[in-house]
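Written below as structure tokens is the structure these notes are about.
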Amino acid sequence: MKKMLINGVHPEEIRVAVVEDGVLKDFHIQSSLKEQLRGNIYKGKISKVENSLNAVFVDFGREKHGLLPAHDTNGSFLGGGSKVKDTLSVLKKGLDIMVQVNREEKSSKGALLTMNVSLPGRFMVLLPHQDLSGISRKIEDEEQRNRLKEIITQLKPPAETGLIVRTAGMDKTKTELSKDLNYLLRLWKSIEEDFHKNTGPCLIYKEGDIIIRSIRDYFTTDISEILIDDEETFERATEFMKTVMPRQKKLIKYYKQPKPLFTKFELEHQIEGIYKRNVRLSSGGSIIIEPTEAMVVIDVNSGQTTNSKTIESTAFTANMDAAEEIARQLILRDLGGLVVIDFIDMKTRDHIRQVEKKIKDGLKVDRAHVVLGK
């Protein structure tokens, strides 16, 4: 049984956990000490054109200017249409442009920006000035995909407006998807109006807080209840759910028990494990997780895995256990980019395929696109 737990009694740090049968499956935290930028949309001003990087730096109101690569520009926002080829020739210093934060600031690096704006709703993602429509890769049923493609065609979004149906939209009706689209179109209209009437650099759209994002992005039909331990947070979540998913409003419950919410579900020690380099496995082995500037390196050790009769079966047992835990840790720690995993050597092809399938299946729930290589 899967539950979403929202710990909001301390407003300076709000935590959201998804738990299945006592195991922490997903975890998000929002601290008042660190402002989240990802998803925010700004009216920015180009501060420097850097031909050597094939990119421009943009002043969007932060101390560190953001980096906008040429491939993340959008000609439709530049007055030359989407067919602008040499974008750097159009991007001049001092030019006002609309940008969205794609990646947070990191140490000495500024945020990574894009002009390909995306606005997520509950069931769909709106892509203004982008000729792109599609269905989430995680919707694999061909009949469902064809049904949703037909609905997108019938909805007739405005010209040069892309749409992607999210996983949450899989079983939704045309009426439900149409309501979501209309909400996103109204939101986009207000963003465009704010861009034109405000003087940049300035913020023109702020991505929802962790409560709204969690319900919008991580609530799935297999979640049986959402428990919230703070009354104000509970009321805000209920109001949002009533707007976007009125039929699921009854799943939100106010947790009033004296024992802290995360303690009751024995999550504190699991959360501590997210920040440890060494993760113990139930089979007796372990994995070492080393995030670096260039990549994430993960090493699998058999350790005390000695129940099997042969070296091959010992390696297989340890690798299968590690594959499941690695997928879980990558999601919990929000690790991405290049990930290199050093599994214990195996000779049997079938064992290798099973380990690959194990980690692939474990990452299916990850919202990020994953490419598995050898």
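Scheme for the structure tokens: letters A, B, ... for chains in order shown; per-chain residue numbers from 1; ligand numbers from 1 in order shown.
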(Q) Please list as a list in words every residue within 9 Å of A:Glu176, counting only C-alpha atoms and excluding residues in the same chain fewer than 5 positions away. (A)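 The filter keeps Phe123, Gly169 and Leu181 of chain A.
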Keeping only all heavy atoms, take the residues you just selected and write them out as a compact mmCIF listing (two decimals), in the first residue's frame.
```txt
# COMPACT_ATOMS: atom_id res chain seq x y z
N PHE A 123 -2.40 16.83 -15.93
CA PHE A 123 -2.44 15.75 -16.89
C PHE A 123 -1.65 16.02 -18.16
O PHE A 123 -1.35 15.10 -18.92
CB PHE A 123 -3.90 15.44 -17.30
CG PHE A 123 -4.81 15.21 -16.13
CD1 PHE A 123 -5.98 15.92 -15.98
CD2 PHE A 123 -4.49 14.27 -15.15
CE1 PHE A 123 -6.83 15.72 -14.90
CE2 PHE A 123 -5.32 14.05 -14.06
CZ PHE A 123 -6.49 14.78 -13.94
N GLY A 169 -2.26 11.39 -17.06
CA GLY A 169 -3.40 11.59 -17.95
C GLY A 169 -3.83 10.33 -18.68
O GLY A 169 -4.72 10.37 -19.54
N LEU A 181 -6.01 21.64 -20.27
CA LEU A 181 -5.47 22.47 -21.35
C LEU A 181 -5.93 23.91 -21.22
O LEU A 181 -5.13 24.85 -21.35
CB LEU A 181 -5.89 21.90 -22.71
CG LEU A 181 -5.53 22.75 -23.94
CD1 LEU A 181 -4.02 22.98 -24.02
CD2 LEU A 181 -6.05 22.09 -25.22
```
Q.
Can you tell me which residues surround A:Tyr275 at a distance of at most 10 Å, considering only C-alpha atoms, apart from same-chain residues fewer than 2 positions away, and format the answer as a PyMOL selection string?
A. chain A and resi 270-273+277-279+289+329+332-333
Save the residues we just selected, C-alpha atoms, as a PDB file, in the first residue's frame?
```
ATOM      1  CA  GLN A 270      15.790   5.745   5.902  1.00  0.00           C
ATOM      2  CA  ILE A 271      16.132   9.455   5.134  1.00  0.00           C
ATOM      3  CA  GLU A 272      19.510   9.552   6.914  1.00  0.00           C
ATOM      4  CA  GLY A 273      20.646   6.768   4.571  1.00  0.00           C
ATOM      5  CA  ARG A 277      28.196   7.182   0.886  1.00  0.00           C
ATOM      6  CA  ASN A 278      27.950   3.512   1.842  1.00  0.00           C
ATOM      7  CA  VAL A 279      24.578   1.744   1.558  1.00  0.00           C
ATOM      8  CA  ILE A 289      27.862   6.020  -4.257  1.00  0.00           C
ATOM      9  CA  GLN A 329      18.839   5.562  -4.435  1.00  0.00           C
ATOM     10  CA  LEU A 332      15.762   9.374  -3.743  1.00  0.00           C
ATOM     11  CA  ARG A 333      18.975  11.360  -4.210  1.00  0.00           C
TER      12      ARG A 333
END
```
Q. DSSP says strand (DSSP E or B) for which residues of stretch 92-129 of chain A? Put them as a ChimeraX atom specification?
A. /A:96-103,106,109,112-114,119-120,124-128
Written file, previous selection with N, CA and C atoms, as a PDB file, in the first residue's frame:
```pdb
ATOM      1  N   ASP A  96      15.942  41.860 -24.427  1.00  0.00           N
ATOM      2  CA  ASP A  96      15.052  41.244 -23.436  1.00  0.00           C
ATOM      3  C   ASP A  96      14.514  39.925 -23.990  1.00  0.00           C
ATOM      4  N   ILE A  97      14.614  38.860 -23.207  1.00  0.00           N
ATOM      5  CA  ILE A  97      14.114  37.552 -23.636  1.00  0.00           C
ATOM      6  C   ILE A  97      13.426  36.841 -22.466  1.00  0.00           C
ATOM      7  N   MET A  98      12.515  35.926 -22.804  1.00  0.00           N
ATOM      8  CA  MET A  98      11.861  35.111 -21.786  1.00  0.00           C
ATOM      9  C   MET A  98      12.657  33.822 -21.619  1.00  0.00           C
ATOM     10  N   VAL A  99      13.010  33.507 -20.367  1.00  0.00           N
ATOM     11  CA  VAL A  99      13.779  32.292 -20.097  1.00  0.00           C
ATOM     12  C   VAL A  99      13.170  31.538 -18.920  1.00  0.00           C
ATOM     13  N   GLN A 100      13.371  30.236 -18.932  1.00  0.00           N
ATOM     14  CA  GLN A 100      12.938  29.372 -17.833  1.00  0.00           C
ATOM     15  C   GLN A 100      14.161  28.656 -17.280  1.00  0.00           C
ATOM     16  N   VAL A 101      14.210  28.502 -15.965  1.00  0.00           N
ATOM     17  CA  VAL A 101      15.350  27.818 -15.341  1.00  0.00           C
ATOM     18  C   VAL A 101      15.203  26.314 -15.550  1.00  0.00           C
ATOM     19  N   ASN A 102      16.241  25.744 -16.154  1.00  0.00           N
ATOM     20  CA  ASN A 102      16.258  24.311 -16.476  1.00  0.00           C
ATOM     21  C   ASN A 102      17.017  23.512 -15.420  1.00  0.00           C
ATOM     22  N   ARG A 103      18.027  24.169 -14.829  1.00  0.00           N
ATOM     23  CA  ARG A 103      18.840  23.522 -13.799  1.00  0.00           C
ATOM     24  C   ARG A 103      19.258  24.564 -12.770  1.00  0.00           C
ATOM     25  N   LYS A 106      24.653  25.872  -9.162  1.00  0.00           N
ATOM     26  CA  LYS A 106      25.457  24.833  -8.519  1.00  0.00           C
ATOM     27  C   LYS A 106      26.851  25.368  -8.247  1.00  0.00           C
ATOM     28  N   LYS A 109      28.679  27.882 -10.427  1.00  0.00           N
ATOM     29  CA  LYS A 109      27.988  27.986 -11.715  1.00  0.00           C
ATOM     30  C   LYS A 109      26.606  28.604 -11.554  1.00  0.00           C
ATOM     31  N   LEU A 112      21.202  27.054 -15.422  1.00  0.00           N
ATOM     32  CA  LEU A 112      21.112  26.738 -16.847  1.00  0.00           C
ATOM     33  C   LEU A 112      19.712  27.124 -17.310  1.00  0.00           C
ATOM     34  N   LEU A 113      19.640  27.896 -18.380  1.00  0.00           N
ATOM     35  CA  LEU A 113      18.372  28.448 -18.843  1.00  0.00           C
ATOM     36  C   LEU A 113      17.942  27.862 -20.180  1.00  0.00           C
ATOM     37  N   THR A 114      16.660  28.020 -20.483  1.00  0.00           N
ATOM     38  CA  THR A 114      16.124  27.614 -21.780  1.00  0.00           C
ATOM     39  C   THR A 114      15.053  28.605 -22.202  1.00  0.00           C
ATOM     40  N   LEU A 119       5.086  24.277 -19.392  1.00  0.00           N
ATOM     41  CA  LEU A 119       4.184  24.542 -18.263  1.00  0.00           C
ATOM     42  C   LEU A 119       3.443  23.251 -17.914  1.00  0.00           C
ATOM     43  N   PRO A 120       3.806  22.608 -16.808  1.00  0.00           N
ATOM     44  CA  PRO A 120       3.127  21.358 -16.448  1.00  0.00           C
ATOM     45  C   PRO A 120       1.797  21.594 -15.761  1.00  0.00           C
ATOM     46  N   MET A 124      -1.315  17.297 -18.402  1.00  0.00           N
ATOM     47  CA  MET A 124      -0.635  17.652 -19.643  1.00  0.00           C
ATOM     48  C   MET A 124       0.477  18.657 -19.377  1.00  0.00           C
ATOM     49  N   VAL A 125       1.378  18.776 -20.359  1.00  0.00           N
ATOM     50  CA  VAL A 125       2.420  19.804 -20.320  1.00  0.00           C
ATOM     51  C   VAL A 125       2.240  20.659 -21.565  1.00  0.00           C
ATOM     52  N   LEU A 126       2.130  21.980 -21.375  1.00  0.00           N
ATOM     53  CA  LEU A 126       1.973  22.919 -22.482  1.00  0.00           C
ATOM     54  C   LEU A 126       3.352  23.409 -22.907  1.00  0.00           C
ATOM     55  N   LEU A 127       3.608  23.404 -24.230  1.00  0.00           N
ATOM     56  CA  LEU A 127       4.891  23.841 -24.781  1.00  0.00           C
ATOM     57  C   LEU A 127       4.645  25.007 -25.732  1.00  0.00           C
ATOM     58  N   PRO A 128       4.593  26.247 -25.227  1.00  0.00           N
ATOM     59  CA  PRO A 128       4.303  27.407 -26.078  1.00  0.00           C
ATOM     60  C   PRO A 128       5.361  27.598 -27.165  1.00  0.00           C
TER      61      PRO A 128
END
```
**Q.** Residue contacts of A:Gly373 (12 Å, only C-alpha atoms) excluding same-chain residues fewer than 3 positions away, as a PyMOL selection string
**A.** chain A and resi 338-341+356+359-360+370
Q. Which residue out of A:Ile344, A:Ile252, A:Val56, A:Met170 has the minimum interatomic distance to A:Ile6 when only C-alpha atoms are used?
A.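 Between A:Ile344, A:Ile252, A:Val56, A:Met170, the residue approaching A:Ile6 most closely is A:Ile252.
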Q: List every residue of stretch 207-285 of chain A that DSSP, applied to the backbone of this structure, assigns to helix (DSSP H, G or I), and report them as a PyMOL selection string.
A: chain A and resi 210-218+231-244+246-251+261-264+268-274
Q: Kindly indicate which residue among A:Asp222, A:Glu231, A:Glu266, A:Glu293 lies nearest to A:Gly22, using only C-alpha atoms for the distances.
A: A:Glu266
Q) Between atom CA of A:Ile326 and atom CA of A:Ser136, what is the distance, to one decimal in Å? A) 23.7 Å
Q: Can you pull out every residue within 9 Å of stretch 214-219 of chain A, counting only C-alpha atoms, but drop anything in the same chain fewer than 4 positions away, and send it as a PyMOL selection string?
A: chain A and resi 4+16+18+26+28+120-123+168+209-210+223+226+237+240-241+244+367
Writing out the chosen residues with N, CA, C and O atoms as a compact mmCIF listing (two decimals), in the first residue's frame:
```
# COMPACT_ATOMS: atom_id res chain seq x y z
N MET A 4 1.37 8.97 0.57
CA MET A 4 2.17 10.19 0.49
C MET A 4 2.08 10.87 1.84
O MET A 4 0.98 11.10 2.36
N VAL A 16 8.40 15.87 1.98
CA VAL A 16 7.37 15.02 1.35
C VAL A 16 7.99 13.66 1.06
O VAL A 16 9.05 13.56 0.46
N VAL A 18 7.08 9.51 -0.24
CA VAL A 18 6.17 8.49 -0.76
C VAL A 18 6.66 7.16 -0.21
O VAL A 18 7.83 6.80 -0.38
N ASP A 26 10.24 7.68 -2.51
CA ASP A 26 10.52 9.00 -3.08
C ASP A 26 10.57 10.01 -1.95
O ASP A 26 9.83 9.88 -0.96
N HIS A 28 11.30 14.37 -1.09
CA HIS A 28 11.57 15.74 -1.54
C HIS A 28 11.54 16.67 -0.33
O HIS A 28 10.79 16.45 0.62
N PRO A 120 3.81 22.61 -16.81
CA PRO A 120 3.13 21.36 -16.45
C PRO A 120 1.80 21.59 -15.76
O PRO A 120 1.68 22.42 -14.86
N GLY A 121 0.78 20.87 -16.21
CA GLY A 121 -0.50 20.83 -15.52
C GLY A 121 -0.59 19.48 -14.83
O GLY A 121 0.41 18.76 -14.70
N ARG A 122 -1.78 19.12 -14.39
CA ARG A 122 -1.94 17.83 -13.73
C ARG A 122 -1.82 16.67 -14.73
O ARG A 122 -1.18 15.67 -14.45
N PHE A 123 -2.40 16.83 -15.93
CA PHE A 123 -2.44 15.75 -16.89
C PHE A 123 -1.65 16.02 -18.16
O PHE A 123 -1.35 15.10 -18.92
N ALA A 168 0.00 10.75 -15.68
CA ALA A 168 -1.23 10.90 -14.89
C ALA A 168 -2.46 11.06 -15.76
O ALA A 168 -3.59 10.88 -15.31
N ASP A 209 4.90 25.75 -4.99
CA ASP A 209 5.72 25.26 -3.88
C ASP A 209 5.66 23.74 -3.81
O ASP A 209 4.97 23.08 -4.59
N ILE A 210 6.40 23.17 -2.87
CA ILE A 210 6.56 21.72 -2.81
C ILE A 210 5.24 20.98 -2.59
O ILE A 210 5.06 19.87 -3.07
N ILE A 223 -1.78 5.54 -4.95
CA ILE A 223 -1.60 6.12 -3.61
C ILE A 223 -2.95 6.10 -2.89
O ILE A 223 -3.93 6.66 -3.38
N ILE A 226 -3.15 10.55 1.48
CA ILE A 226 -2.14 11.60 1.67
C ILE A 226 -2.31 12.11 3.10
O ILE A 226 -3.36 12.67 3.45
N ALA A 237 -3.50 22.06 0.57
CA ALA A 237 -3.48 20.87 -0.28
C ALA A 237 -4.89 20.44 -0.67
O ALA A 237 -5.15 20.05 -1.81
N PHE A 240 -6.23 22.75 -3.37
CA PHE A 240 -5.63 22.46 -4.68
C PHE A 240 -6.22 21.18 -5.26
O PHE A 240 -6.56 21.12 -6.45
N MET A 241 -6.35 20.15 -4.43
CA MET A 241 -6.91 18.88 -4.89
C MET A 241 -8.36 19.05 -5.35
O MET A 241 -8.79 18.46 -6.34
N VAL A 244 -8.11 20.54 -8.96
CA VAL A 244 -7.59 19.73 -10.08
C VAL A 244 -8.10 18.29 -10.09
O VAL A 244 -8.22 17.68 -11.15
N ARG A 367 10.69 10.11 -13.21
CA ARG A 367 10.12 11.00 -14.22
C ARG A 367 11.15 11.38 -15.28
O ARG A 367 10.79 11.81 -16.37
```
Q: Extract, using only C-alpha atoms, all DNA, RNA and protein residues at most 9 Å from A:Phe262, discarding same-chain residues fewer than 5 positions from it, and format them as a VMD selection string.
A: chain A and resid 5 to 7 17 267 to 268
Go ahead and dump the residues you just picked, N, CA, C and O atoms, as a compact mmCIF listing (two decimals), in the first residue's frame.
```
# COMPACT_ATOMS: atom_id res chain seq x y z
N LEU A 5 3.24 11.17 2.44
CA LEU A 5 3.29 11.81 3.75
C LEU A 5 3.91 13.19 3.60
O LEU A 5 4.99 13.33 3.03
N ILE A 6 3.22 14.21 4.13
CA ILE A 6 3.72 15.59 4.04
C ILE A 6 3.94 16.12 5.45
O ILE A 6 2.99 16.27 6.23
N ASN A 7 5.21 16.36 5.76
CA ASN A 7 5.61 16.85 7.07
C ASN A 7 5.82 18.36 6.98
O ASN A 7 6.84 18.83 6.49
N ALA A 17 7.30 12.61 1.50
CA ALA A 17 7.79 11.25 1.28
C ALA A 17 6.68 10.40 0.67
O ALA A 17 5.51 10.55 1.01
N LEU A 267 10.63 6.51 9.13
CA LEU A 267 11.30 7.05 7.95
C LEU A 267 12.61 7.76 8.24
O LEU A 267 13.45 7.90 7.35
N GLU A 268 12.78 8.23 9.48
CA GLU A 268 13.95 9.07 9.77
C GLU A 268 15.27 8.37 9.45
O GLU A 268 16.17 8.95 8.84
```
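Atom CA of A:Gly39 is found 28.6 Å from atom CA of A:Gln154.
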Q) Which residues come within 12 Å of A:Ser52, counting only C-alpha atoms, excluding same-chain residues fewer than 3 positions away, as a ChimeraX atom specification? A) /A:48-49,55-56,69-70,88
Just the selected residues (N, CA and C atoms), exported as a PDB file, in the first residue's frame, please.
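Written output follows (result.pdb):
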```pdb
ATOM      1  N   LYS A  48      25.889  39.040 -22.042  1.00  0.00           N
ATOM      2  CA  LYS A  48      27.126  38.754 -22.783  1.00  0.00           C
ATOM      3  C   LYS A  48      26.882  37.644 -23.806  1.00  0.00           C
ATOM      4  N   VAL A  49      27.391  37.830 -25.008  1.00  0.00           N
ATOM      5  CA  VAL A  49      27.342  36.786 -26.040  1.00  0.00           C
ATOM      6  C   VAL A  49      28.697  36.100 -26.055  1.00  0.00           C
ATOM      7  N   ALA A  55      26.854  30.162 -26.737  1.00  0.00           N
ATOM      8  CA  ALA A  55      25.839  30.432 -25.715  1.00  0.00           C
ATOM      9  C   ALA A  55      25.863  31.909 -25.360  1.00  0.00           C
ATOM     10  N   VAL A  56      24.864  32.336 -24.588  1.00  0.00           N
ATOM     11  CA  VAL A  56      24.848  33.702 -24.069  1.00  0.00           C
ATOM     12  C   VAL A  56      24.620  33.650 -22.570  1.00  0.00           C
ATOM     13  N   PRO A  69      22.369  28.128 -23.619  1.00  0.00           N
ATOM     14  CA  PRO A  69      23.021  27.556 -24.803  1.00  0.00           C
ATOM     15  C   PRO A  69      22.222  27.873 -26.068  1.00  0.00           C
ATOM     16  N   ALA A  70      22.905  27.990 -27.199  1.00  0.00           N
ATOM     17  CA  ALA A  70      22.238  28.321 -28.465  1.00  0.00           C
ATOM     18  C   ALA A  70      21.158  27.300 -28.816  1.00  0.00           C
ATOM     19  N   LEU A  88      22.814  32.977 -32.546  1.00  0.00           N
ATOM     20  CA  LEU A  88      23.739  33.901 -31.872  1.00  0.00           C
ATOM     21  C   LEU A  88      23.805  35.246 -32.592  1.00  0.00           C
TER      22      LEU A  88
END
```
Q: Could you give me, as a PyMOL selection string, the residues within 10 Å of A:Arg328, counting only C-alpha atoms and dropping anything in the same chain fewer than 5 positions from it?
A: chain A and resi 24-26+274+322-323+333-334+359+362-363+365-366
Write the residues you've just listed into a file as a PDB file, in the first residue's frame, and include N, CA, C and O atoms for each of them.
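Once written, out17.pdb looks like this:
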```
ATOM      1  N   LEU A  24      10.761   3.686   1.913  1.00  0.00           N
ATOM      2  CA  LEU A  24      10.791   5.018   1.330  1.00  0.00           C
ATOM      3  C   LEU A  24      11.081   4.911  -0.165  1.00  0.00           C
ATOM      4  O   LEU A  24      12.129   4.429  -0.574  1.00  0.00           O
ATOM      5  N   LYS A  25      10.143   5.376  -0.999  1.00  0.00           N
ATOM      6  CA  LYS A  25      10.287   5.263  -2.443  1.00  0.00           C
ATOM      7  C   LYS A  25      10.655   6.588  -3.107  1.00  0.00           C
ATOM      8  O   LYS A  25      11.271   6.612  -4.168  1.00  0.00           O
ATOM      9  N   ASP A  26      10.243   7.683  -2.513  1.00  0.00           N
ATOM     10  CA  ASP A  26      10.521   8.998  -3.085  1.00  0.00           C
ATOM     11  C   ASP A  26      10.567  10.006  -1.949  1.00  0.00           C
ATOM     12  O   ASP A  26       9.825   9.880  -0.964  1.00  0.00           O
ATOM     13  N   ILE A 274      19.989   8.369   2.837  1.00  0.00           N
ATOM     14  CA  ILE A 274      20.123   9.038   1.538  1.00  0.00           C
ATOM     15  C   ILE A 274      21.437   9.819   1.462  1.00  0.00           C
ATOM     16  O   ILE A 274      22.015   9.993   0.394  1.00  0.00           O
ATOM     17  N   ALA A 322      21.667  -5.228  -5.524  1.00  0.00           N
ATOM     18  CA  ALA A 322      22.236  -3.893  -5.753  1.00  0.00           C
ATOM     19  C   ALA A 322      21.453  -3.124  -6.812  1.00  0.00           C
ATOM     20  O   ALA A 322      21.215  -1.918  -6.660  1.00  0.00           O
ATOM     21  N   ALA A 323      21.037  -3.816  -7.881  1.00  0.00           N
ATOM     22  CA  ALA A 323      20.313  -3.145  -8.969  1.00  0.00           C
ATOM     23  C   ALA A 323      19.033  -2.493  -8.458  1.00  0.00           C
ATOM     24  O   ALA A 323      18.716  -1.345  -8.796  1.00  0.00           O
ATOM     25  N   ARG A 333      17.933  10.328  -4.264  1.00  0.00           N
ATOM     26  CA  ARG A 333      18.975  11.360  -4.210  1.00  0.00           C
ATOM     27  C   ARG A 333      18.883  12.347  -5.370  1.00  0.00           C
ATOM     28  O   ARG A 333      19.674  13.296  -5.435  1.00  0.00           O
ATOM     29  N   ASP A 334      17.959  12.074  -6.320  1.00  0.00           N
ATOM     30  CA  ASP A 334      17.784  12.928  -7.496  1.00  0.00           C
ATOM     31  C   ASP A 334      19.104  13.069  -8.249  1.00  0.00           C
ATOM     32  O   ASP A 334      19.514  14.172  -8.620  1.00  0.00           O
ATOM     33  N   ILE A 359      17.295  -3.187 -12.917  1.00  0.00           N
ATOM     34  CA  ILE A 359      17.540  -1.752 -12.727  1.00  0.00           C
ATOM     35  C   ILE A 359      16.649  -0.927 -13.649  1.00  0.00           C
ATOM     36  O   ILE A 359      16.169   0.152 -13.276  1.00  0.00           O
ATOM     37  N   GLY A 362      13.276  -0.803 -12.040  1.00  0.00           N
ATOM     38  CA  GLY A 362      13.309   0.061 -10.858  1.00  0.00           C
ATOM     39  C   GLY A 362      13.265   1.538 -11.204  1.00  0.00           C
ATOM     40  O   GLY A 362      12.787   2.363 -10.419  1.00  0.00           O
ATOM     41  N   LEU A 363      13.754   1.885 -12.405  1.00  0.00           N
ATOM     42  CA  LEU A 363      13.804   3.286 -12.821  1.00  0.00           C
ATOM     43  C   LEU A 363      12.580   3.715 -13.632  1.00  0.00           C
ATOM     44  O   LEU A 363      12.487   4.863 -14.054  1.00  0.00           O
ATOM     45  N   VAL A 365       9.660   4.258 -12.627  1.00  0.00           N
ATOM     46  CA  VAL A 365       8.865   5.272 -11.911  1.00  0.00           C
ATOM     47  C   VAL A 365       9.538   6.640 -11.903  1.00  0.00           C
ATOM     48  O   VAL A 365       8.935   7.637 -11.501  1.00  0.00           O
ATOM     49  N   ASP A 366      10.812   6.700 -12.352  1.00  0.00           N
ATOM     50  CA  ASP A 366      11.521   7.977 -12.377  1.00  0.00           C
ATOM     51  C   ASP A 366      10.964   8.836 -13.506  1.00  0.00           C
ATOM     52  O   ASP A 366      10.784   8.366 -14.631  1.00  0.00           O
TER      53      ASP A 366
END
```
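Taking atom CA of A:Glu325 as the reference point, atom CA of A:Arg137 is found at 23.1 Å.
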